[in-house]
file work_18.cif (mmCIF, C-alpha atoms and all ligand atoms)
data_start
loop_
_atom_site.label_atom_id
_atom_site.label_comp_id
_atom_site.auth_asym_id
_atom_site.auth_seq_id
_atom_site.Cartn_x
_atom_site.Cartn_y
_atom_site.Cartn_z
CA MET A 241 0.00 0.00 0.00
CA PRO A 242 2.66 2.58 0.87
CA HIS A 243 4.20 1.81 -2.50
CA VAL A 244 0.90 2.60 -4.17
CA TYR A 245 0.56 5.86 -2.29
CA TYR A 246 4.10 6.76 -3.23
CA LYS A 247 3.30 6.18 -6.90
CA MET A 248 0.09 8.19 -6.68
CA GLY A 249 1.96 11.28 -5.63
CA ARG A 250 0.63 14.27 -3.72
CA PHE A 251 -2.07 15.04 -6.25
CA GLY A 252 -3.39 11.48 -6.35
CA LEU A 253 -3.54 11.31 -2.57
CA SER A 254 -5.31 14.58 -2.38
CA LEU A 255 -7.79 13.40 -5.01
CA LEU A 256 -8.42 10.31 -2.89
CA ARG A 257 -9.14 12.47 0.16
CA HIS A 258 -11.27 14.68 -1.99
CA ILE A 259 -13.32 11.75 -3.28
CA SER A 260 -13.76 10.33 0.21
CA SER A 261 -15.14 13.63 1.39
CA PHE A 262 -18.11 13.60 -0.96
CA PRO A 263 -21.58 13.38 0.45
CA SER A 264 -22.22 9.77 -0.51
CA SER A 265 -19.16 8.49 1.32
CA ARG A 266 -20.05 6.67 4.48
CA THR A 267 -17.66 8.58 6.71
CA CYS A 268 -17.16 12.13 7.77
CA CYS A 269 -13.71 13.25 6.77
CA LEU A 270 -13.86 16.47 8.74
CA HIS A 271 -14.17 14.46 11.91
CA GLN A 272 -11.44 12.11 10.85
CA ARG A 273 -9.12 15.04 10.55
CA VAL A 274 -10.17 16.60 13.84
CA PHE A 275 -10.00 13.30 15.73
CA PRO A 276 -7.43 11.29 13.81
CA GLY A 277 -7.05 8.67 16.50
CA PHE A 278 -10.75 7.89 16.62
CA GLN A 279 -11.40 7.24 12.99
CA SER A 280 -13.20 3.94 13.33
CA CYS A 281 -15.43 5.20 16.11
CA TYR A 282 -16.51 8.27 14.19
CA LYS A 283 -16.86 6.30 10.99
CA SER A 284 -19.79 4.38 12.29
CA THR A 285 -21.47 6.98 14.45
CA ILE A 286 -21.67 10.14 12.37
CA PRO A 287 -24.49 10.06 9.87
CA VAL A 288 -23.67 11.22 6.36
CA HIS A 289 -26.24 14.00 6.29
CA THR A 290 -24.75 15.58 9.44
CA CYS A 291 -21.51 16.03 7.55
CA GLN A 292 -23.34 17.44 4.61
CA GLN A 293 -24.99 20.03 6.80
CA ARG A 294 -21.80 21.03 8.60
CA ARG A 295 -19.72 21.33 5.55
CA GLY A 296 -21.12 21.83 2.09
CA VAL A 297 -19.74 20.15 -0.97
CA SER A 298 -18.10 23.34 -2.08
CA THR A 299 -16.09 23.66 1.15
CA ALA A 300 -14.81 20.10 0.84
CA LEU A 301 -13.78 20.77 -2.69
CA ARG A 302 -12.06 24.02 -1.83
CA HIS A 303 -9.80 22.07 0.51
CA GLN A 304 -8.71 19.87 -2.37
CA MET A 305 -8.19 22.75 -4.69
CA GLN A 306 -5.13 23.74 -2.68
CA ASP A 307 -3.05 21.44 -4.86
CA LEU A 308 -4.01 23.26 -8.03
CA SER A 309 -2.13 26.21 -9.41
CA GLY A 310 -3.96 29.52 -9.75
CA PRO A 311 -4.59 29.22 -13.48
CA GLU A 312 -5.70 25.58 -13.07
CA GLN A 313 -8.11 26.54 -10.36
CA ARG A 314 -9.52 29.35 -12.46
CA LEU A 315 -9.90 27.04 -15.46
CA LEU A 316 -11.78 24.42 -13.42
CA ASP A 317 -13.97 27.04 -11.75
CA LYS A 318 -14.81 28.56 -15.11
CA LEU A 319 -15.64 25.17 -16.62
CA TYR A 320 -17.67 24.01 -13.63
CA GLU A 321 -19.68 27.21 -13.31
CA GLY A 322 -20.28 27.36 -17.06
CA LEU A 323 -21.21 23.71 -17.16
CA ILE A 324 -23.76 23.69 -14.37
CA SER A 325 -25.32 26.85 -15.72
CA GLY A 326 -25.88 24.93 -18.95
CA GLN A 327 -23.43 26.69 -21.27
CA ARG A 328 -22.76 24.52 -24.27
CA ALA A 329 -19.25 25.92 -24.83
CA SER A 330 -18.25 24.91 -21.28
CA LEU A 331 -19.72 21.46 -21.79
CA ALA A 332 -17.80 21.05 -25.05
CA GLU A 333 -14.58 22.25 -23.41
CA SER A 334 -15.10 19.94 -20.43
CA ILE A 335 -15.56 16.93 -22.72
CA THR A 336 -12.38 17.91 -24.55
CA LEU A 337 -10.64 17.91 -21.16
CA VAL A 338 -11.79 14.36 -20.33
CA GLU A 339 -10.68 13.22 -23.80
CA THR A 340 -7.17 14.56 -23.41
CA GLN A 341 -4.11 12.31 -23.27
CA HIS A 342 -2.08 14.94 -21.39
CA PRO A 343 -1.30 13.52 -17.90
CA ARG A 344 -1.83 16.73 -15.89
CA LYS A 345 -4.97 17.66 -17.80
CA LYS A 346 -6.26 14.15 -17.18
CA GLU A 347 -5.90 14.81 -13.45
CA LEU A 348 -7.71 18.12 -13.79
CA ALA A 349 -10.50 16.35 -15.67
CA GLN A 350 -10.90 13.98 -12.72
CA VAL A 351 -11.23 16.89 -10.28
CA LEU A 352 -13.85 18.45 -12.53
CA LEU A 353 -15.71 15.15 -12.80
CA GLN A 354 -15.74 14.70 -9.05
CA LYS A 355 -17.22 18.17 -8.64
CA VAL A 356 -19.88 17.43 -11.23
CA LEU A 357 -20.64 14.05 -9.66
CA ALA A 358 -21.08 15.71 -6.27
CA TYR A 359 -23.38 18.30 -7.82
CA ARG A 360 -25.39 15.60 -9.57
CA ARG A 361 -25.75 13.61 -6.36
CA GLU A 362 -27.12 16.70 -4.67
CA GLN A 363 -29.64 17.03 -7.47
CA GLU A 364 -30.57 13.37 -7.19
CA SER A 365 -31.14 13.70 -3.47
CA HIS A 366 -33.57 16.55 -4.22
CA ASN A 367 -35.22 14.21 -6.72
CA GLY A 368 -35.99 11.56 -4.10
CA GLY A 369 -32.79 9.64 -4.85
CA LYS A 370 -33.83 9.05 -8.46
CA PRO A 371 -31.55 9.76 -11.43
CA VAL A 372 -32.09 13.16 -12.99
CA ALA A 373 -31.44 11.99 -16.53
CA PHE A 374 -32.42 9.08 -18.72
CA ARG A 375 -29.59 7.42 -20.68
CA VAL A 376 -30.49 5.55 -23.83
CA GLY A 377 -28.05 3.60 -26.03
CA LEU A 378 -28.94 3.11 -29.70
CA SER A 379 -27.17 0.56 -31.81
CA GLY A 380 -27.72 -1.25 -35.07
CA PRO A 381 -25.99 -2.19 -38.31
CA PRO A 382 -24.38 0.52 -40.46
CA GLY A 383 -27.06 2.53 -42.23
CA ALA A 384 -29.90 1.16 -40.07
CA GLY A 385 -31.28 4.66 -39.66
CA LYS A 386 -29.91 5.44 -36.19
CA SER A 387 -28.95 9.06 -36.79
CA SER A 388 -32.18 9.80 -38.67
CA PHE A 389 -34.13 8.28 -35.77
CA ILE A 390 -32.19 10.32 -33.19
CA GLU A 391 -32.77 13.48 -35.23
CA VAL A 392 -36.56 12.98 -35.29
CA VAL A 393 -36.91 11.76 -31.70
CA GLY A 394 -34.51 14.47 -30.50
CA LYS A 395 -36.53 17.22 -32.19
CA MET A 396 -39.75 15.82 -30.74
CA LEU A 397 -38.23 15.79 -27.25
CA THR A 398 -36.78 19.31 -27.36
CA GLY A 399 -40.22 20.40 -28.60
CA ARG A 400 -41.63 18.93 -25.40
CA GLY A 401 -39.21 20.91 -23.26
CA HIS A 402 -36.46 18.33 -22.77
CA LYS A 403 -32.75 18.98 -23.16
CA VAL A 404 -31.20 16.27 -25.29
CA SER A 405 -27.55 15.38 -25.74
CA VAL A 406 -26.25 12.95 -28.32
CA LEU A 407 -22.89 11.21 -27.95
CA ALA A 408 -21.32 8.83 -30.42
CA VAL A 409 -19.05 5.83 -29.98
CA ASP A 410 -17.46 4.96 -33.30
CA PRO A 411 -15.22 1.85 -33.14
CA SER A 412 -13.61 2.64 -36.50
CA SER A 413 -12.37 6.01 -35.30
CA CYS A 414 -10.12 4.19 -32.82
CA THR A 415 -8.04 2.35 -35.39
CA THR A 416 -8.28 4.30 -38.61
CA GLY A 417 -9.39 7.75 -37.54
CA GLY A 418 -12.09 7.22 -40.11
CA SER A 419 -15.78 7.38 -39.60
CA LEU A 420 -17.75 4.18 -39.90
CA MET A 421 -20.86 5.92 -38.72
CA GLY A 422 -22.30 8.72 -40.74
CA ASP A 423 -21.32 12.00 -39.13
CA LYS A 424 -23.58 14.50 -37.49
CA THR A 425 -24.51 16.13 -40.78
CA ARG A 426 -27.50 13.77 -40.85
CA MET A 427 -28.75 15.50 -37.71
CA THR A 428 -28.86 18.91 -39.35
CA GLU A 429 -32.02 20.06 -37.60
CA LEU A 430 -31.01 18.81 -34.18
CA SER A 431 -27.50 20.29 -34.39
CA ARG A 432 -29.09 23.74 -34.80
CA ASP A 433 -31.40 23.24 -31.84
CA MET A 434 -30.35 25.24 -28.75
CA ASN A 435 -31.74 22.53 -26.47
CA ALA A 436 -29.66 19.82 -28.08
CA PHE A 437 -25.97 19.06 -27.84
CA ILE A 438 -24.31 16.72 -30.32
CA ARG A 439 -20.82 15.37 -29.80
CA PRO A 440 -19.19 13.08 -32.36
CA SER A 441 -16.85 10.31 -31.27
CA PRO A 442 -13.22 11.26 -30.59
CA THR A 443 -11.17 10.45 -33.66
CA SER A 444 -8.38 8.54 -31.92
CA GLY A 445 -7.65 6.30 -28.98
CA THR A 446 -8.45 2.73 -28.06
CA LEU A 447 -12.05 1.54 -27.83
CA GLY A 448 -11.52 1.32 -24.07
CA GLY A 449 -10.37 4.95 -24.02
CA VAL A 450 -13.23 6.15 -26.19
CA THR A 451 -15.84 4.35 -24.12
CA ARG A 452 -14.31 5.66 -20.91
CA THR A 453 -14.53 9.22 -22.16
CA THR A 454 -18.10 8.59 -23.34
CA ASN A 455 -18.98 7.44 -19.85
CA GLU A 456 -17.48 10.58 -18.42
CA ALA A 457 -19.10 12.74 -21.08
CA ILE A 458 -22.49 11.35 -19.99
CA VAL A 459 -21.83 12.64 -16.46
CA LEU A 460 -20.85 16.04 -17.83
CA CYS A 461 -23.96 16.26 -20.03
CA GLU A 462 -26.14 15.47 -17.05
CA GLY A 463 -24.35 18.11 -14.99
CA ALA A 464 -25.09 20.60 -17.76
CA GLY A 465 -28.81 19.91 -17.36
CA TYR A 466 -29.42 17.51 -20.25
CA ASP A 467 -32.16 15.23 -18.98
CA ILE A 468 -31.98 12.85 -21.93
CA VAL A 469 -28.65 11.43 -23.09
CA LEU A 470 -28.64 9.38 -26.29
CA VAL A 471 -25.54 7.33 -27.17
CA GLU A 472 -25.27 6.14 -30.76
CA THR A 473 -22.98 3.33 -31.78
CA VAL A 474 -22.70 1.08 -34.77
CA GLY A 475 -23.17 -2.65 -34.38
CA VAL A 476 -19.57 -3.56 -35.14
CA GLY A 477 -16.97 -5.02 -32.79
CA GLN A 478 -17.42 -4.63 -29.07
CA SER A 479 -18.61 -1.03 -28.97
CA GLU A 480 -22.30 -1.95 -28.71
CA PHE A 481 -21.66 -4.13 -25.65
CA ALA A 482 -19.70 -1.27 -24.09
CA VAL A 483 -22.60 1.11 -24.77
CA ALA A 484 -25.11 -1.40 -23.35
CA ASP A 485 -23.06 -1.26 -20.14
CA MET A 486 -23.30 2.52 -19.79
CA VAL A 487 -26.99 3.23 -20.36
CA ASP A 488 -30.34 2.77 -18.61
CA MET A 489 -32.01 1.43 -21.72
CA PHE A 490 -30.47 -0.28 -24.72
CA VAL A 491 -32.32 0.01 -28.04
CA LEU A 492 -31.48 -2.01 -31.14
CA LEU A 493 -32.44 -0.53 -34.49
CA ILE A 494 -32.92 -3.01 -37.31
CA PRO A 495 -33.57 -2.05 -40.94
CA PRO A 496 -36.16 -3.98 -42.95
CA ALA A 497 -33.41 -5.70 -44.91
CA GLY A 498 -32.88 -9.20 -46.25
CA GLY A 499 -31.62 -12.06 -44.08
CA ASP A 500 -28.02 -11.71 -45.28
CA GLU A 501 -27.72 -8.11 -44.13
CA LEU A 502 -29.05 -9.04 -40.72
CA GLN A 503 -26.61 -11.94 -40.32
CA GLY A 504 -24.08 -9.60 -38.76
CA ILE A 505 -26.34 -8.83 -35.80
CA LYS A 506 -24.95 -10.75 -32.88
CA ARG A 507 -27.26 -12.93 -30.86
CA GLY A 508 -25.59 -11.65 -27.70
CA ILE A 509 -26.58 -8.09 -28.45
CA ILE A 510 -30.20 -9.01 -29.18
CA GLU A 511 -30.29 -10.47 -25.68
CA ARG A 512 -29.21 -7.11 -24.30
CA ALA A 513 -31.92 -5.13 -26.11
CA ASP A 514 -34.71 -3.64 -24.01
CA LEU A 515 -36.45 -2.50 -27.18
CA VAL A 516 -36.07 -3.39 -30.85
CA VAL A 517 -37.12 -0.76 -33.39
CA VAL A 518 -37.63 -1.87 -36.97
CA THR A 519 -36.72 1.29 -38.89
CA LYS A 520 -37.76 2.72 -42.28
CA SER A 521 -41.27 1.33 -42.01
CA ASP A 522 -42.62 3.45 -44.88
CA GLY A 523 -43.63 2.99 -48.53
CA ASP A 524 -42.53 -0.32 -50.01
CA LEU A 525 -40.61 -1.12 -46.86
CA VAL A 526 -43.71 -1.49 -44.66
CA VAL A 527 -44.25 -5.12 -45.69
CA PRO A 528 -40.67 -6.30 -45.01
CA ALA A 529 -40.67 -4.20 -41.81
CA ARG A 530 -43.76 -6.09 -40.58
CA ARG A 531 -42.09 -9.40 -41.40
CA ILE A 532 -38.95 -8.47 -39.45
CA GLN A 533 -41.12 -7.31 -36.56
CA THR A 534 -42.84 -10.72 -36.40
CA GLU A 535 -39.52 -12.57 -36.65
CA TYR A 536 -37.91 -10.59 -33.86
CA THR A 537 -40.99 -10.78 -31.65
CA SER A 538 -40.83 -14.59 -31.77
CA ALA A 539 -37.05 -14.60 -31.35
CA LEU A 540 -37.22 -12.39 -28.25
CA LYS A 541 -39.73 -14.74 -26.62
CA LEU A 542 -37.08 -17.45 -26.63
CA LEU A 543 -34.48 -15.32 -24.89
CA ARG A 544 -33.84 -15.10 -21.18
CA ARG A 545 -35.57 -12.17 -19.48
CA GLN A 546 -33.19 -9.47 -18.29
CA SER A 547 -35.57 -7.63 -16.03
CA LYS A 548 -38.33 -8.45 -13.56
CA SER A 549 -40.40 -5.46 -14.61
CA TRP A 550 -39.95 -5.29 -18.37
CA ASN A 551 -40.42 -7.57 -21.35
CA PRO A 552 -38.48 -6.42 -24.42
CA LYS A 553 -40.76 -5.27 -27.24
CA VAL A 554 -40.44 -4.95 -31.01
CA VAL A 555 -41.93 -1.85 -32.66
CA ARG A 556 -41.87 -0.29 -36.13
CA ALA A 557 -41.21 3.35 -36.98
CA SER A 558 -40.30 5.63 -39.84
CA SER A 559 -38.11 8.66 -39.40
CA HIS A 560 -39.14 9.87 -42.85
CA SER A 561 -42.92 9.80 -42.33
CA GLY A 562 -42.73 10.19 -38.53
CA GLU A 563 -45.08 7.27 -38.13
CA GLY A 564 -44.52 5.28 -34.94
CA ILE A 565 -42.02 7.78 -33.49
CA PRO A 566 -44.19 9.08 -30.60
CA GLU A 567 -45.19 5.48 -29.86
CA VAL A 568 -41.53 4.41 -29.66
CA TRP A 569 -40.81 7.18 -27.17
CA ALA A 570 -43.92 6.26 -25.19
CA LYS A 571 -42.53 2.71 -24.88
CA MET A 572 -39.20 4.11 -23.69
CA GLU A 573 -40.97 6.16 -21.03
CA LEU A 574 -42.97 3.12 -19.95
CA TYR A 575 -39.73 1.22 -19.57
CA ARG A 576 -38.08 4.02 -17.58
CA ASP A 577 -41.05 4.40 -15.25
CA ALA A 578 -41.33 0.66 -14.63
CA MET A 579 -37.60 0.34 -13.95
CA LEU A 580 -37.54 3.40 -11.70
CA ALA A 581 -40.59 2.34 -9.73
CA ASN A 582 -39.00 -0.84 -8.41
CA GLY A 583 -35.46 0.51 -8.20
CA GLU A 584 -34.13 -1.74 -10.98
CA LEU A 585 -32.80 1.21 -12.93
CA GLN A 586 -30.86 2.51 -9.95
CA GLY A 587 -29.56 -1.03 -9.32
CA ARG A 588 -28.44 -1.34 -12.92
CA ARG A 589 -26.51 1.92 -12.64
CA ARG A 590 -24.79 0.76 -9.48
CA ALA A 591 -23.80 -2.52 -11.12
CA GLN A 592 -22.52 -0.62 -14.17
CA GLN A 593 -20.24 1.53 -12.01
CA LYS A 594 -18.54 -1.60 -10.74
CA VAL A 595 -18.26 -3.13 -14.20
CA TRP A 596 -16.59 0.06 -15.45
CA MET A 597 -14.20 0.25 -12.57
CA TRP A 598 -13.04 -3.31 -13.24
CA ASN A 599 -12.85 -2.69 -17.00
CA LEU A 600 -10.56 0.25 -16.39
CA ILE A 601 -8.46 -1.65 -13.87
CA GLN A 602 -8.06 -4.57 -16.28
CA GLU A 603 -7.07 -2.28 -19.10
CA ASN A 604 -4.56 -0.43 -16.94
CA VAL A 605 -3.05 -3.49 -15.29
CA LEU A 606 -2.60 -5.14 -18.69
CA TYR A 607 -0.91 -1.99 -19.98
CA HIS A 608 1.52 -1.95 -17.03
CA PHE A 609 2.12 -5.68 -17.41
CA GLN A 610 2.92 -5.45 -21.11
CA ASN A 611 5.21 -2.47 -20.57
CA HIS A 612 7.09 -3.91 -17.61
CA PRO A 613 10.82 -4.21 -18.54
CA GLY A 614 11.11 -7.79 -17.22
CA VAL A 615 7.98 -8.88 -19.10
CA ARG A 616 9.05 -7.10 -22.27
CA ASP A 617 12.43 -8.88 -22.21
CA ALA A 618 10.99 -12.34 -21.70
CA LEU A 619 7.83 -12.06 -23.80
CA PRO A 620 9.09 -12.61 -27.39
CA HIS A 621 11.08 -15.70 -26.45
CA LEU A 622 8.29 -17.20 -24.34
CA GLU A 623 5.62 -16.45 -26.96
CA ASP A 624 7.78 -18.21 -29.53
CA ARG A 625 8.25 -21.24 -27.26
CA VAL A 626 4.54 -21.43 -26.52
CA THR A 627 3.53 -21.29 -30.20
CA LYS A 628 6.05 -24.05 -30.96
CA GLY A 629 4.64 -26.19 -28.18
CA ALA A 630 7.95 -26.26 -26.31
CA VAL A 631 6.58 -24.51 -23.21
CA SER A 632 3.04 -24.85 -21.89
CA PRO A 633 0.93 -21.64 -21.83
CA GLY A 634 0.50 -22.11 -18.09
CA LEU A 635 4.23 -22.21 -17.42
CA ALA A 636 4.86 -19.21 -19.71
CA ALA A 637 2.18 -17.22 -17.90
CA ASP A 638 3.69 -18.15 -14.53
CA LEU A 639 7.17 -17.07 -15.67
CA LEU A 640 5.89 -13.75 -17.01
CA LEU A 641 3.91 -13.05 -13.86
CA LYS A 642 7.01 -13.84 -11.83
CA ALA A 643 9.03 -11.39 -13.93
CA PHE A 644 6.30 -8.79 -13.37
CA SER A 645 6.25 -9.17 -9.61
CA SER A 646 10.00 -9.57 -9.16
CA PRO A 647 11.24 -6.60 -7.08
CA SER A 648 14.66 -6.51 -8.78
CA SER A 649 13.22 -5.86 -12.25
CA SER A 650 10.36 -3.59 -11.25
CA SER A 651 12.58 -0.71 -10.20
N1 LIG A 701 -37.13 5.09 -46.24
C1 LIG A 701 -36.50 5.46 -45.16
N2 LIG A 701 -35.16 5.68 -45.21
C2 LIG A 701 -34.53 6.05 -44.07
C3 LIG A 701 -35.23 6.23 -42.86
N3 LIG A 701 -34.34 6.58 -41.90
C4 LIG A 701 -33.14 6.64 -42.50
N4 LIG A 701 -33.24 6.33 -43.80
C5 LIG A 701 -32.15 6.33 -44.79
O1 LIG A 701 -31.18 5.37 -44.43
C6 LIG A 701 -29.87 5.86 -44.70
C7 LIG A 701 -29.01 5.76 -43.44
O2 LIG A 701 -29.56 6.59 -42.44
P1 LIG A 701 -28.78 7.03 -41.14
O3 LIG A 701 -29.76 7.66 -40.25
O4 LIG A 701 -27.58 7.80 -41.48
O5 LIG A 701 -28.33 5.62 -40.59
P2 LIG A 701 -27.27 5.31 -39.44
O6 LIG A 701 -27.71 4.01 -38.85
O7 LIG A 701 -27.10 6.42 -38.52
O8 LIG A 701 -25.98 5.12 -40.30
P3 LIG A 701 -24.46 4.98 -39.75
O9 LIG A 701 -24.28 5.97 -38.65
O10 LIG A 701 -23.67 5.31 -40.98
O11 LIG A 701 -24.30 3.57 -39.32
C8 LIG A 701 -30.03 7.28 -45.20
O12 LIG A 701 -29.94 7.27 -46.58
C9 LIG A 701 -31.43 7.67 -44.77
O13 LIG A 701 -32.06 8.58 -45.63
C10 LIG A 701 -36.64 6.02 -42.84
O14 LIG A 701 -37.34 6.17 -41.85
N5 LIG A 701 -37.20 5.64 -44.03
MG MG A 702 -25.29 7.47 -37.81
#
call {"tool": "encode", "arguments": {"input": "work_18.cif", "output": "structure tokens"}}
result
Amino acid sequence: MPHVYYKMGRFGLSLLRHISSFPSSRTCCLHQRVFPGFQSCYKSTIPVHTCQQRRGVSTALRHQMQDLSGPEQRLLDKLYEGLISGQRASLAESITLVETQHPRKKELAQVLLQKVLAYRREQESHNGGKPVAFRVGLSGPPGAGKSSFIEVVGKMLTGRGHKVSVLAVDPSSCTTGGSLMGDKTRMTELSRDMNAFIRPSPTSGTLGGVTRTTNEAIVLCEGAGYDIVLVETVGVGQSEFAVADMVDMFVLLIPPAGGDELQGIKRGIIERADLVVVTKSDGDLVVPARRIQTEYTSALKLLRRQSKSWNPKVVRASSHSGEGIPEVWAKMELYRDAMLANGELQGRRRAQQKVWMWNLIQENVLYHFQNHPGVRDALPHLEDRVTKGAVSPGLAADLLLKAFSSPSSSS
């Protein structure tokens, strides 16, 4: 542990203290500081809300801000104030900060996120402990009509007084910098709407990095007052599973296409869908759309239920004619209300937090492992021996793990 603390440095430690002083933490840090010898006693006896009353979130944060330089503090204050007052420029700048690869800026992004999380928790406590925003993931094969659907639904929702943000996870942008998904030009109307915020996928980074920043961007959007967050991803690679793990509701959009085009849709992702929307149900496509609807309705009946309070449904809609769009949203609201009423939605969010923490740990540990000097030295030879059958995979793994944990080579 001391080794870990040493590696974290002063800033990391201070961030840890800062996190532990947030309202949801089970202990009162103020009292721990005043009575350092009686930590365990005060841990269990001081209720969380007492701490909240004695010392507001802002005071706790101010303590942590001591480690920031003047300009850094001013930057974070400006972003935070702009963000929670709903300024789109501040939201955009904050998302850029969480997307950065710069080590110090990454740390600043975490301080900002903690502030926004604390603010959001305050809002949730005013909302009876219920989430203040509804997160919906939309996936489907390339060209399924996802962006067109988001454009029409988004316009309908802003017309009803909602604030809608749209985030994209594009797996192709991670490797090629290219865009597999159509860009935001297909959301021309929505991108001009003052109550909508559209953010395309970052154009570089690993899928893990992109999905992490999307997760953090969701928190920032919610802090900026967007009560509906839509995350679009294309049904390629692992991105749709990652999106399913960061939203309250996962929607699969299927075009009324022939069997071959639908082959690429993974069975695993159909199991994750809370709602299937057969798109482009207009003109000549109504008949095939009905057929697909029947096929998917029967297929879903055979799948394991994910939720106690919701049975996945299959609906048809057309973004061109607008037919079925209000009905699709009505189904989404039904889902949200049912899941909120019995606490399943809140439970899903809690479980997701843990999944994400472990995803990030795995990614990081693997990175450190692969870049460890001892491992790097031994890896090519051992990989070669394993592929030739001269060394068993188990023995090779043991040797590499030994090299990784050996104190002499880790310095
Ligand atoms: N007939 C019909 N065509 C549609 C409808 N919605 C979308 N399209 C067409 O389908 C094509 C793809 O639409 P997009 O909304 O860009 O699909 P997408 O799933 O976002 O595409 P990617 O992001 O590239 O994967 C476009 O040519 C649209 O005009 C619809 O409701 N009816
Ligand atoms: Mg698109």
call {"tool": "residues_around", "arguments": {"input": "work_18.cif", "residues": "A:Gly399", "least_positions_apart": "4", "cutoff": "10 Å", "atoms": "only C-alpha atoms", "output": "PDB file with C-alpha atoms, keeping the file's coordinate frame"}}
result
ATOM      1  CA  VAL A 393     -36.910  11.760 -31.700  1.00  0.00           C
ATOM      2  CA  GLY A 394     -34.510  14.470 -30.500  1.00  0.00           C
ATOM      3  CA  LYS A 395     -36.530  17.220 -32.190  1.00  0.00           C
ATOM      4  CA  LYS A 403     -32.750  18.980 -23.160  1.00  0.00           C
ATOM      5  CA  ASP A 433     -31.400  23.240 -31.840  1.00  0.00           C
ATOM      6  CA  ASN A 435     -31.740  22.530 -26.470  1.00  0.00           C
TER       7      ASN A 435
END
call {"tool": "closest_residue", "arguments": {"input": "work_18.cif", "among": "A:Leu619, A:Gly508, A:Phe374, A:Val392", "to": "A:Met579", "atoms": "all atoms listed in the file"}}
result
A:Phe374
call {"tool": "closest_residue", "arguments": {"input": "work_18.cif", "among": "A:Ala618, A:Leu331, A:Leu470, A:Ile494", "to": "ligand LIG 701 (chain A)", "atoms": "all atoms listed in the file"}}
result
A:Ile494
call {"tool": "residues_around", "arguments": {"input": "work_18.cif", "residues": "A:Gln341", "least_positions_apart": "4", "cutoff": "10 Å", "atoms": "only C-alpha atoms", "output": "ChimeraX atom specification"}}
result
/A:337,345-346,445,449
call {"tool": "residues_near_ligand", "arguments": {"input": "work_18.cif", "ligand": "ligand LIG 701 (chain A)", "cutoff": "7 Å", "atoms": "all atoms listed in the file", "output": "ChimeraX atom specification"}}
result
/A:380-389,420-423,426,474,519-522,557-561
call {"tool": "closest_residue", "arguments": {"input": "work_18.cif", "among": "A:His612, A:Arg375, A:Arg512, A:Arg452", "to": "A:Arg545", "atoms": "all atoms listed in the file"}}
result
A:Arg512
call {"tool": "closest_residue", "arguments": {"input": "work_18.cif", "among": "A:Glu429, A:Glu362, A:Glu321, A:Glu391", "to": "ligand MG 702 (chain A)", "atoms": "all atoms listed in the file"}}
result
A:Glu391
call {"tool": "residues_around", "arguments": {"input": "work_18.cif", "residues": "A:Val517", "least_positions_apart": "6", "cutoff": "6 Å", "atoms": "only C-alpha atoms", "output": "list in words"}}
result
Leu493, Val554, Val555 and Arg556 of chain A
call {"tool": "atom_distance", "arguments": {"input": "work_18.cif", "atom1": "atom CA of A:Phe644", "atom2": "atom CA of A:Pro343"}}
result
24.0 Å
